Structures are given as structure tokens and as C-alpha cells.
$ cat model_13.pdb   # PDB, C-alpha atoms
ATOM      1  CA  MET A   1       0.000   0.000   0.000  1.00  0.00           C
ATOM      2  CA  PRO A   2       1.443   3.408  -0.951  1.00  0.00           C
ATOM      3  CA  ALA A   3       2.347   5.901   1.744  1.00  0.00           C
ATOM      4  CA  THR A   4      -0.352   8.332   2.812  1.00  0.00           C
ATOM      5  CA  LYS A   5      -0.153  11.753   1.207  1.00  0.00           C
ATOM      6  CA  ARG A   6       0.423  14.639   3.597  1.00  0.00           C
ATOM      7  CA  ILE A   7      -0.642  18.155   2.647  1.00  0.00           C
ATOM      8  CA  VAL A   8      -0.427  21.534   4.342  1.00  0.00           C
ATOM      9  CA  VAL A   9      -3.363  23.858   3.696  1.00  0.00           C
ATOM     10  CA  PHE A  10      -2.970  27.561   4.405  1.00  0.00           C
ATOM     11  CA  GLY A  11      -6.366  29.175   4.886  1.00  0.00           C
ATOM     12  CA  ALA A  12      -7.789  25.796   5.912  1.00  0.00           C
ATOM     13  CA  SER A  13     -10.567  27.337   7.977  1.00  0.00           C
ATOM     14  CA  GLY A  14     -11.891  29.464   5.110  1.00  0.00           C
ATOM     15  CA  PHE A  15     -14.589  28.587   2.600  1.00  0.00           C
ATOM     16  CA  LEU A  16     -12.294  27.037  -0.021  1.00  0.00           C
ATOM     17  CA  GLY A  17      -9.798  25.767   2.538  1.00  0.00           C
ATOM     18  CA  GLN A  18     -12.438  23.722   4.337  1.00  0.00           C
ATOM     19  CA  ALA A  19     -13.619  22.233   1.022  1.00  0.00           C
ATOM     20  CA  ILE A  20     -10.023  21.295   0.165  1.00  0.00           C
ATOM     21  CA  CYS A  21      -9.558  19.683   3.569  1.00  0.00           C
ATOM     22  CA  LYS A  22     -12.783  17.671   3.188  1.00  0.00           C
ATOM     23  CA  LYS A  23     -11.676  16.345  -0.218  1.00  0.00           C
ATOM     24  CA  ALA A  24      -8.252  15.377   1.129  1.00  0.00           C
ATOM     25  CA  ILE A  25      -9.763  13.666   4.169  1.00  0.00           C
ATOM     26  CA  GLY A  26     -12.069  11.766   1.818  1.00  0.00           C
ATOM     27  CA  ARG A  27      -8.960  10.436   0.077  1.00  0.00           C
ATOM     28  CA  ASN A  28      -7.459   9.424   3.435  1.00  0.00           C
ATOM     29  CA  TRP A  29      -4.692  11.986   3.214  1.00  0.00           C
ATOM     30  CA  ASP A  30      -3.091  13.506   6.280  1.00  0.00           C
ATOM     31  CA  VAL A  31      -4.008  17.185   6.397  1.00  0.00           C
ATOM     32  CA  ILE A  32      -2.313  19.910   8.375  1.00  0.00           C
ATOM     33  CA  GLY A  33      -4.469  23.016   8.445  1.00  0.00           C
ATOM     34  CA  ILE A  34      -2.871  26.385   9.097  1.00  0.00           C
ATOM     35  CA  ARG A  35      -5.337  28.869  10.514  1.00  0.00           C
ATOM     36  CA  PRO A  36      -5.363  32.208  12.295  1.00  0.00           C
ATOM     37  CA  PRO A  37      -6.222  32.129  15.997  1.00  0.00           C
ATOM     38  CA  SER A  38      -9.656  33.701  15.525  1.00  0.00           C
ATOM     39  CA  SER A  39     -10.996  31.322  12.891  1.00  0.00           C
ATOM     40  CA  SER A  40     -13.913  28.960  13.400  1.00  0.00           C
ATOM     41  CA  LEU A  41     -13.936  25.381  12.185  1.00  0.00           C
ATOM     42  CA  ASP A  42     -16.484  23.225  10.381  1.00  0.00           C
ATOM     43  CA  SER A  43     -17.422  20.330  12.666  1.00  0.00           C
ATOM     44  CA  GLU A  44     -16.970  17.819   9.814  1.00  0.00           C
ATOM     45  CA  ILE A  45     -13.251  18.554   9.572  1.00  0.00           C
ATOM     46  CA  ARG A  46     -12.460  19.739  13.097  1.00  0.00           C
ATOM     47  CA  ASP A  47     -11.365  16.287  14.300  1.00  0.00           C
ATOM     48  CA  ASN A  48      -9.827  15.016  11.055  1.00  0.00           C
ATOM     49  CA  VAL A  49      -7.268  17.742  10.447  1.00  0.00           C
ATOM     50  CA  GLU A  50      -4.117  18.416  12.408  1.00  0.00           C
ATOM     51  CA  TRP A  51      -4.669  22.077  13.201  1.00  0.00           C
ATOM     52  CA  ARG A  52      -1.782  24.470  13.542  1.00  0.00           C
ATOM     53  CA  GLN A  53      -2.272  28.057  14.562  1.00  0.00           C
ATOM     54  CA  GLY A  54      -0.098  30.073  12.242  1.00  0.00           C
ATOM     55  CA  ASP A  55       0.507  33.154  10.185  1.00  0.00           C
ATOM     56  CA  ALA A  56       1.554  32.762   6.558  1.00  0.00           C
ATOM     57  CA  LEU A  57       3.589  35.948   6.864  1.00  0.00           C
ATOM     58  CA  ASP A  58       5.582  34.447   9.764  1.00  0.00           C
ATOM     59  CA  PRO A  59       7.519  31.378   8.553  1.00  0.00           C
ATOM     60  CA  GLN A  60       8.520  30.570  12.144  1.00  0.00           C
ATOM     61  CA  THR A  61       4.934  29.379  12.696  1.00  0.00           C
ATOM     62  CA  TYR A  62       5.051  26.709   9.959  1.00  0.00           C
ATOM     63  CA  ARG A  63       8.588  26.182   8.622  1.00  0.00           C
ATOM     64  CA  ASP A  64       9.025  22.925  10.566  1.00  0.00           C
ATOM     65  CA  ILE A  65       6.091  21.146   8.904  1.00  0.00           C
ATOM     66  CA  LEU A  66       6.782  21.968   5.264  1.00  0.00           C
ATOM     67  CA  GLY A  67       9.579  19.425   4.923  1.00  0.00           C
ATOM     68  CA  SER A  68       7.355  16.485   5.834  1.00  0.00           C
ATOM     69  CA  SER A  69       4.558  17.449   3.439  1.00  0.00           C
ATOM     70  CA  ASP A  70       3.959  16.188  -0.076  1.00  0.00           C
ATOM     71  CA  ALA A  71       2.302  19.418  -1.199  1.00  0.00           C
ATOM     72  CA  VAL A  72       1.448  22.883   0.074  1.00  0.00           C
ATOM     73  CA  ILE A  73      -1.830  24.601  -0.761  1.00  0.00           C
ATOM     74  CA  HIS A  74      -2.501  28.334  -0.478  1.00  0.00           C
ATOM     75  CA  SER A  75      -6.214  29.093  -0.196  1.00  0.00           C
ATOM     76  CA  ILE A  76      -5.911  32.391   1.662  1.00  0.00           C
ATOM     77  CA  GLY A  77      -7.689  35.220  -0.056  1.00  0.00           C
ATOM     78  CA  ALA A  78      -9.782  38.338   0.171  1.00  0.00           C
ATOM     79  CA  ILE A  79     -11.993  39.528  -2.672  1.00  0.00           C
ATOM     80  CA  MET A  80     -12.922  42.793  -0.981  1.00  0.00           C
ATOM     81  CA  GLU A  81     -10.964  45.072   1.263  1.00  0.00           C
ATOM     82  CA  LYS A  82     -13.880  45.881   3.520  1.00  0.00           C
ATOM     83  CA  THR A  83     -12.802  44.475   6.848  1.00  0.00           C
ATOM     84  CA  ASN A  84     -16.155  42.850   7.614  1.00  0.00           C
ATOM     85  CA  TYR A  85     -17.266  41.868   4.124  1.00  0.00           C
ATOM     86  CA  LYS A  86     -17.574  38.183   5.081  1.00  0.00           C
ATOM     87  CA  GLY A  87     -19.941  39.056   7.903  1.00  0.00           C
ATOM     88  CA  TRP A  88     -21.921  41.198   5.490  1.00  0.00           C
ATOM     89  CA  ILE A  89     -22.134  38.341   2.982  1.00  0.00           C
ATOM     90  CA  ASN A  90     -23.173  35.882   5.713  1.00  0.00           C
ATOM     91  CA  THR A  91     -26.130  38.129   6.594  1.00  0.00           C
ATOM     92  CA  GLY A  92     -27.486  37.832   3.063  1.00  0.00           C
ATOM     93  CA  ALA A  93     -25.610  40.848   1.648  1.00  0.00           C
ATOM     94  CA  ARG A  94     -28.513  43.202   2.215  1.00  0.00           C
ATOM     95  CA  GLY A  95     -27.134  46.685   1.648  1.00  0.00           C
ATOM     96  CA  MET A  96     -23.535  47.548   2.352  1.00  0.00           C
ATOM     97  CA  PRO A  97     -22.953  47.965   6.080  1.00  0.00           C
ATOM     98  CA  ALA A  98     -22.326  51.512   7.200  1.00  0.00           C
ATOM     99  CA  ASP A  99     -18.976  52.215   8.818  1.00  0.00           C
ATOM    100  CA  SER A 100     -18.198  54.820  11.412  1.00  0.00           C
ATOM    101  CA  ASP A 101     -15.811  57.635  10.490  1.00  0.00           C
ATOM    102  CA  GLU A 102     -13.126  55.917  12.582  1.00  0.00           C
ATOM    103  CA  GLN A 103     -13.605  52.616  10.720  1.00  0.00           C
ATOM    104  CA  GLN A 104     -13.434  54.430   7.385  1.00  0.00           C
ATOM    105  CA  GLN A 105     -10.151  56.079   8.394  1.00  0.00           C
ATOM    106  CA  GLN A 106      -8.692  52.737   9.488  1.00  0.00           C
ATOM    107  CA  GLN A 107      -9.766  51.137   6.228  1.00  0.00           C
ATOM    108  CA  GLN A 108      -8.206  53.923   4.180  1.00  0.00           C
ATOM    109  CA  GLN A 109      -4.920  53.414   6.036  1.00  0.00           C
ATOM    110  CA  GLN A 110      -5.040  49.649   5.533  1.00  0.00           C
ATOM    111  CA  GLN A 111      -6.519  49.671   2.025  1.00  0.00           C
ATOM    112  CA  GLN A 112      -3.207  50.016   0.224  1.00  0.00           C
ATOM    113  CA  ASP A 113      -1.956  46.748   1.595  1.00  0.00           C
ATOM    114  CA  THR A 114      -4.932  44.476   2.171  1.00  0.00           C
ATOM    115  CA  PHE A 115      -5.005  42.760  -1.232  1.00  0.00           C
ATOM    116  CA  GLU A 116      -1.236  42.859  -1.330  1.00  0.00           C
ATOM    117  CA  LYS A 117      -0.808  41.348   2.135  1.00  0.00           C
ATOM    118  CA  VAL A 118      -3.575  38.775   1.975  1.00  0.00           C
ATOM    119  CA  ASN A 119      -3.508  37.627  -1.638  1.00  0.00           C
ATOM    120  CA  ARG A 120       0.105  38.212  -2.621  1.00  0.00           C
ATOM    121  CA  ASP A 121       2.452  38.528   0.331  1.00  0.00           C
ATOM    122  CA  THR A 122       1.167  35.451   2.162  1.00  0.00           C
ATOM    123  CA  ALA A 123       1.766  33.291  -0.914  1.00  0.00           C
ATOM    124  CA  LEU A 124       5.196  34.790  -1.570  1.00  0.00           C
ATOM    125  CA  ALA A 125       6.245  34.191   2.048  1.00  0.00           C
ATOM    126  CA  ILE A 126       5.299  30.518   1.778  1.00  0.00           C
ATOM    127  CA  ILE A 127       7.027  30.155  -1.597  1.00  0.00           C
ATOM    128  CA  ASN A 128      10.203  31.734  -0.231  1.00  0.00           C
ATOM    129  CA  THR A 129      10.116  29.430   2.792  1.00  0.00           C
ATOM    130  CA  LEU A 130       9.750  26.395   0.518  1.00  0.00           C
ATOM    131  CA  ILE A 131      12.684  27.590  -1.602  1.00  0.00           C
ATOM    132  CA  GLU A 132      14.846  28.138   1.484  1.00  0.00           C
ATOM    133  CA  ALA A 133      14.082  24.581   2.619  1.00  0.00           C
ATOM    134  CA  GLY A 134      15.414  23.306  -0.711  1.00  0.00           C
ATOM    135  CA  ASN A 135      12.775  20.610  -1.010  1.00  0.00           C
ATOM    136  CA  ARG A 136      11.033  20.989  -4.396  1.00  0.00           C
ATOM    137  CA  LYS A 137       7.364  20.080  -4.092  1.00  0.00           C
ATOM    138  CA  PRO A 138       3.991  21.176  -5.443  1.00  0.00           C
ATOM    139  CA  PHE A 139       2.786  24.591  -4.391  1.00  0.00           C
ATOM    140  CA  VAL A 140      -0.906  24.932  -5.201  1.00  0.00           C
ATOM    141  CA  PHE A 141      -2.260  28.453  -5.513  1.00  0.00           C
ATOM    142  CA  ILE A 142      -5.968  29.190  -5.625  1.00  0.00           C
ATOM    143  CA  SER A 143      -6.131  32.147  -7.985  1.00  0.00           C
ATOM    144  CA  ALA A 144      -9.072  33.574  -9.932  1.00  0.00           C
ATOM    145  CA  ALA A 145     -10.097  33.490 -13.578  1.00  0.00           C
ATOM    146  CA  ALA A 146     -11.093  37.146 -13.604  1.00  0.00           C
ATOM    147  CA  ALA A 147     -12.219  39.915 -11.322  1.00  0.00           C
ATOM    148  CA  LEU A 148     -15.930  40.209 -10.822  1.00  0.00           C
ATOM    149  CA  PRO A 149     -17.763  43.475 -11.436  1.00  0.00           C
ATOM    150  CA  LEU A 150     -17.439  45.890  -8.507  1.00  0.00           C
ATOM    151  CA  ILE A 151     -14.241  44.170  -7.327  1.00  0.00           C
ATOM    152  CA  ASN A 152     -11.142  46.324  -7.168  1.00  0.00           C
ATOM    153  CA  PRO A 153      -8.766  45.455 -10.077  1.00  0.00           C
ATOM    154  CA  ARG A 154      -5.925  45.137  -7.550  1.00  0.00           C
ATOM    155  CA  TYR A 155      -7.565  41.862  -6.466  1.00  0.00           C
ATOM    156  CA  ILE A 156      -6.791  40.119  -9.766  1.00  0.00           C
ATOM    157  CA  HIS A 157      -3.486  41.985 -10.122  1.00  0.00           C
ATOM    158  CA  THR A 158      -2.175  40.496  -6.855  1.00  0.00           C
ATOM    159  CA  LYS A 159      -3.255  37.025  -7.957  1.00  0.00           C
ATOM    160  CA  ARG A 160      -1.341  37.431 -11.244  1.00  0.00           C
ATOM    161  CA  GLN A 161       1.739  38.652  -9.359  1.00  0.00           C
ATOM    162  CA  VAL A 162       1.818  35.380  -7.406  1.00  0.00           C
ATOM    163  CA  GLU A 163       1.364  33.351 -10.590  1.00  0.00           C
ATOM    164  CA  ALA A 164       4.332  35.185 -12.161  1.00  0.00           C
ATOM    165  CA  ALA A 165       6.481  34.533  -9.086  1.00  0.00           C
ATOM    166  CA  MET A 166       5.547  30.849  -9.178  1.00  0.00           C
ATOM    167  CA  ALA A 167       6.562  30.605 -12.829  1.00  0.00           C
ATOM    168  CA  ALA A 168       9.841  32.391 -12.081  1.00  0.00           C
ATOM    169  CA  HIS A 169      10.614  29.857  -9.332  1.00  0.00           C
ATOM    170  CA  SER A 170       9.548  26.710 -11.177  1.00  0.00           C
ATOM    171  CA  ASP A 171      13.035  25.269 -10.695  1.00  0.00           C
ATOM    172  CA  ASN A 172      12.435  25.399  -6.933  1.00  0.00           C
ATOM    173  CA  ILE A 173       8.724  24.578  -6.625  1.00  0.00           C
ATOM    174  CA  ILE A 174       6.223  22.678  -8.728  1.00  0.00           C
ATOM    175  CA  PRO A 175       3.720  25.456  -9.522  1.00  0.00           C
ATOM    176  CA  LEU A 176       0.044  24.512  -9.774  1.00  0.00           C
ATOM    177  CA  VAL A 177      -2.488  27.305 -10.291  1.00  0.00           C
ATOM    178  CA  PHE A 178      -6.247  26.891 -10.103  1.00  0.00           C
ATOM    179  CA  ARG A 179      -8.416  29.700 -11.427  1.00  0.00           C
ATOM    180  CA  PRO A 180     -11.983  29.035 -10.245  1.00  0.00           C
TER     181      PRO A 180
END

$ encode --input "model_13.pdb" --output "C-alpha cells"
Amino acid sequence: MPATKRIVVFGASGFLGQAICKKAIGRNWDVIGIRPPSSSLDSEIRDNVEWRQGDALDPQTYRDILGSSDAVIHSIGAIMEKTNYKGWINTGARGMPADSDEQQQQQQQQQQDTFEKVNRDTALAIINTLIEAGNRKPFVFISAAAALPLINPRYIHTKRQVEAAMAAHSDNIIPLVFRP
């Protein structure tokens, strides 16, 4: 019997990340899920994933597990820069929530780096950590086919920046891009 596959999923507690974990569990793979401390977990996968609290921008929180994995999956992403857009969507997306002046100021300060940090920089940090480890393996990036109407064009731009970096490092990683 072949050895069990072992994957690391960044963003494992998110919508796509949980679906990826469920598929892998269904194939009897070992799954290590990297999640932020505040994330909630689907009960179906809670007990079948080895959960690791981590930050994709901080390689110290995951470097030790990359070497023992067969593949690394990046499913971290934000399609809007509004800090509570997921909560808004979960309420049925009825009218954009109103923000206080203070929240609007905070968002304006953070807006220049949200897509860049979440969509691009997290992936690049993981890629660089894989390269430093010197163990060439698949790096799976969940990208996007195109930006939807009303979505800031920087969203798709940051996705394409990661794809370009993956192609540039194809001697060091096995790049796999999915554009749902």
C-alpha cells in the first residue's frame, strides 16, 4: 500500500480551505491546516485535520512542517478590502454595512496593503520558505479566472503577481495554479 499523502493547507478554515480539507480527508490523506487564531472550524473537519495556529507571513509558525509534506496549498484570499465583508455576505448581503468615520479612516490606512498582504504577500512568504528549505514540491495556488464586477482590479493583479512569481521559481517549486 502506498504511503499516505500529507498536505499543508494555508487558509484551511476558510470557505475554499475547508472544502479542500474535506476532499483530502475523503482520500485518506493527512491534512495539516494552518489557521489564524480567531478562525472557526467546520465540525466535519475539526477532528480530522491536524490544526496548527499560524501566520503565513511568519515562517517561524510553519517552517518545521513543510519538509514532511507532499504538497502545500494556499487558499488564503480576500476579494474585498472591507474588513467585515464576510460578515456582510453571511447576513445575506442586504445593503452595504455603514462604517463609522473611525472605521473608514482605518480602512483607508489599511486599504493600500490588504489585497497585497492577503492575496500576494502570504503566498510569496510561503514560496520563499519552501525555496529556502530546498525541497522541491507542489505549491498549489488558488487564484481567480477574472475579477468580478465591482471588485477592485488590484484583487486580480495580486493574484497574477503570485502566478508570475511561481513561474519564475519553477526550478524550486512545482507550480500549480487553479483559477476558479

$ closest_residue --input "model_13.pdb" --among "A:Asp47, A:Asp70, A:Asp58, A:Asp171" --to "A:Trp29" --atoms "all atoms listed in the file"
A:Asp70

$ closest_residue --input "model_13.pdb" --among "A:Ile76, A:Ala123, A:Val118, A:Ile7" --to "A:Lys137" --atoms "all atoms listed in the file"
A:Ile7

$ closest_residue --input "model_13.pdb" --among "A:Arg63, A:Arg35, A:Arg120, A:Lys22" --to "A:Trp51" --atoms "only C-alpha atoms"
A:Arg35

$ resolve_selection --input "model_13.pdb" --expression "the PyMOL selection byres ((chain A and resi 127) around 10)" --output "ChimeraX atom specification"
/A:72,74,121-126,128-133,139,162,165-166,169,172-173,175

$ write_last_selection --input "model_13.pdb" --atoms "C-alpha atoms" --output "short mmCIF file (atom, residue, chain, number, x, y, z; two decimals), in the frame of the given file"
data_model
loop_
_atom_site.label_atom_id
_atom_site.label_comp_id
_atom_site.auth_asym_id
_atom_site.auth_seq_id
_atom_site.Cartn_x
_atom_site.Cartn_y
_atom_site.Cartn_z
CA VAL A 72 1.45 22.88 0.07
CA HIS A 74 -2.50 28.33 -0.48
CA ASP A 121 2.45 38.53 0.33
CA THR A 122 1.17 35.45 2.16
CA ALA A 123 1.77 33.29 -0.91
CA LEU A 124 5.20 34.79 -1.57
CA ALA A 125 6.24 34.19 2.05
CA ILE A 126 5.30 30.52 1.78
CA ASN A 128 10.20 31.73 -0.23
CA THR A 129 10.12 29.43 2.79
CA LEU A 130 9.75 26.40 0.52
CA ILE A 131 12.68 27.59 -1.60
CA GLU A 132 14.85 28.14 1.48
CA ALA A 133 14.08 24.58 2.62
CA PHE A 139 2.79 24.59 -4.39
CA VAL A 162 1.82 35.38 -7.41
CA ALA A 165 6.48 34.53 -9.09
CA MET A 166 5.55 30.85 -9.18
CA HIS A 169 10.61 29.86 -9.33
CA ASN A 172 12.44 25.40 -6.93
CA ILE A 173 8.72 24.58 -6.62
CA PRO A 175 3.72 25.46 -9.52
#

$ atom_distance --input "model_13.pdb" --atom1 "atom CA of A:Gln18" --atom2 "atom CA of A:Leu150"
26.1 Å

$ atom_distance --input "model_13.pdb" --atom1 "atom CA of A:Gln60" --atom2 "atom CA of A:Val8"
14.9 Å

$ atom_distance --input "model_13.pdb" --atom1 "atom CA of A:Ala12" --atom2 "atom CA of A:Gly33"
5.0 Å

$ resolve_selection --input "model_13.pdb" --expression "the PyMOL selection byres ((chain A and resi 50) around 9)" --output "PDB file with C-alpha atoms, keeping the file's coordinate frame"
ATOM      1  CA  ASP A  30      -3.091  13.506   6.280  1.00  0.00           C
ATOM      2  CA  VAL A  31      -4.008  17.185   6.397  1.00  0.00           C
ATOM      3  CA  ILE A  32      -2.313  19.910   8.375  1.00  0.00           C
ATOM      4  CA  GLY A  33      -4.469  23.016   8.445  1.00  0.00           C
ATOM      5  CA  ILE A  34      -2.871  26.385   9.097  1.00  0.00           C
ATOM      6  CA  ARG A  46     -12.460  19.739  13.097  1.00  0.00           C
ATOM      7  CA  ASP A  47     -11.365  16.287  14.300  1.00  0.00           C
ATOM      8  CA  ASN A  48      -9.827  15.016  11.055  1.00  0.00           C
ATOM      9  CA  VAL A  49      -7.268  17.742  10.447  1.00  0.00           C
ATOM     10  CA  TRP A  51      -4.669  22.077  13.201  1.00  0.00           C
ATOM     11  CA  ARG A  52      -1.782  24.470  13.542  1.00  0.00           C
TER      12      ARG A  52
END

$ closest_residue --input "model_13.pdb" --among "A:Ala56, A:Cys21, A:Leu176, A:Ala147" --to "A:Ile79" --atoms "all atoms listed in the file"
A:Ala147

$ residues_around --input "model_13.pdb" --residues "A:Ala19" --least-positions-apart "4" --cutoff "12 Å" --atoms "only C-alpha atoms" --output "VMD selection string"
chain A and resid 9 11 to 15 23 to 26 33 41 to 42 44 to 45 75

$ residues_around --input "model_13.pdb" --residues "A:Pro153" --least-positions-apart "6" --cutoff "12 Å" --atoms "all atoms listed in the file" --output "PyMOL selection string"
chain A and resi 79-81+115-116+144+146-147+159-160

$ closest_residue --input "model_13.pdb" --among "A:Pro138, A:Asn119, A:Leu57, A:Pro180" --to "A:His157" --atoms "all atoms listed in the file"
A:Asn119

$ closest_residue --input "model_13.pdb" --among "A:Thr61, A:Asn135, A:Ser170, A:Ser68" --to "A:Lys5" --atoms "all atoms listed in the file"
A:Ser68
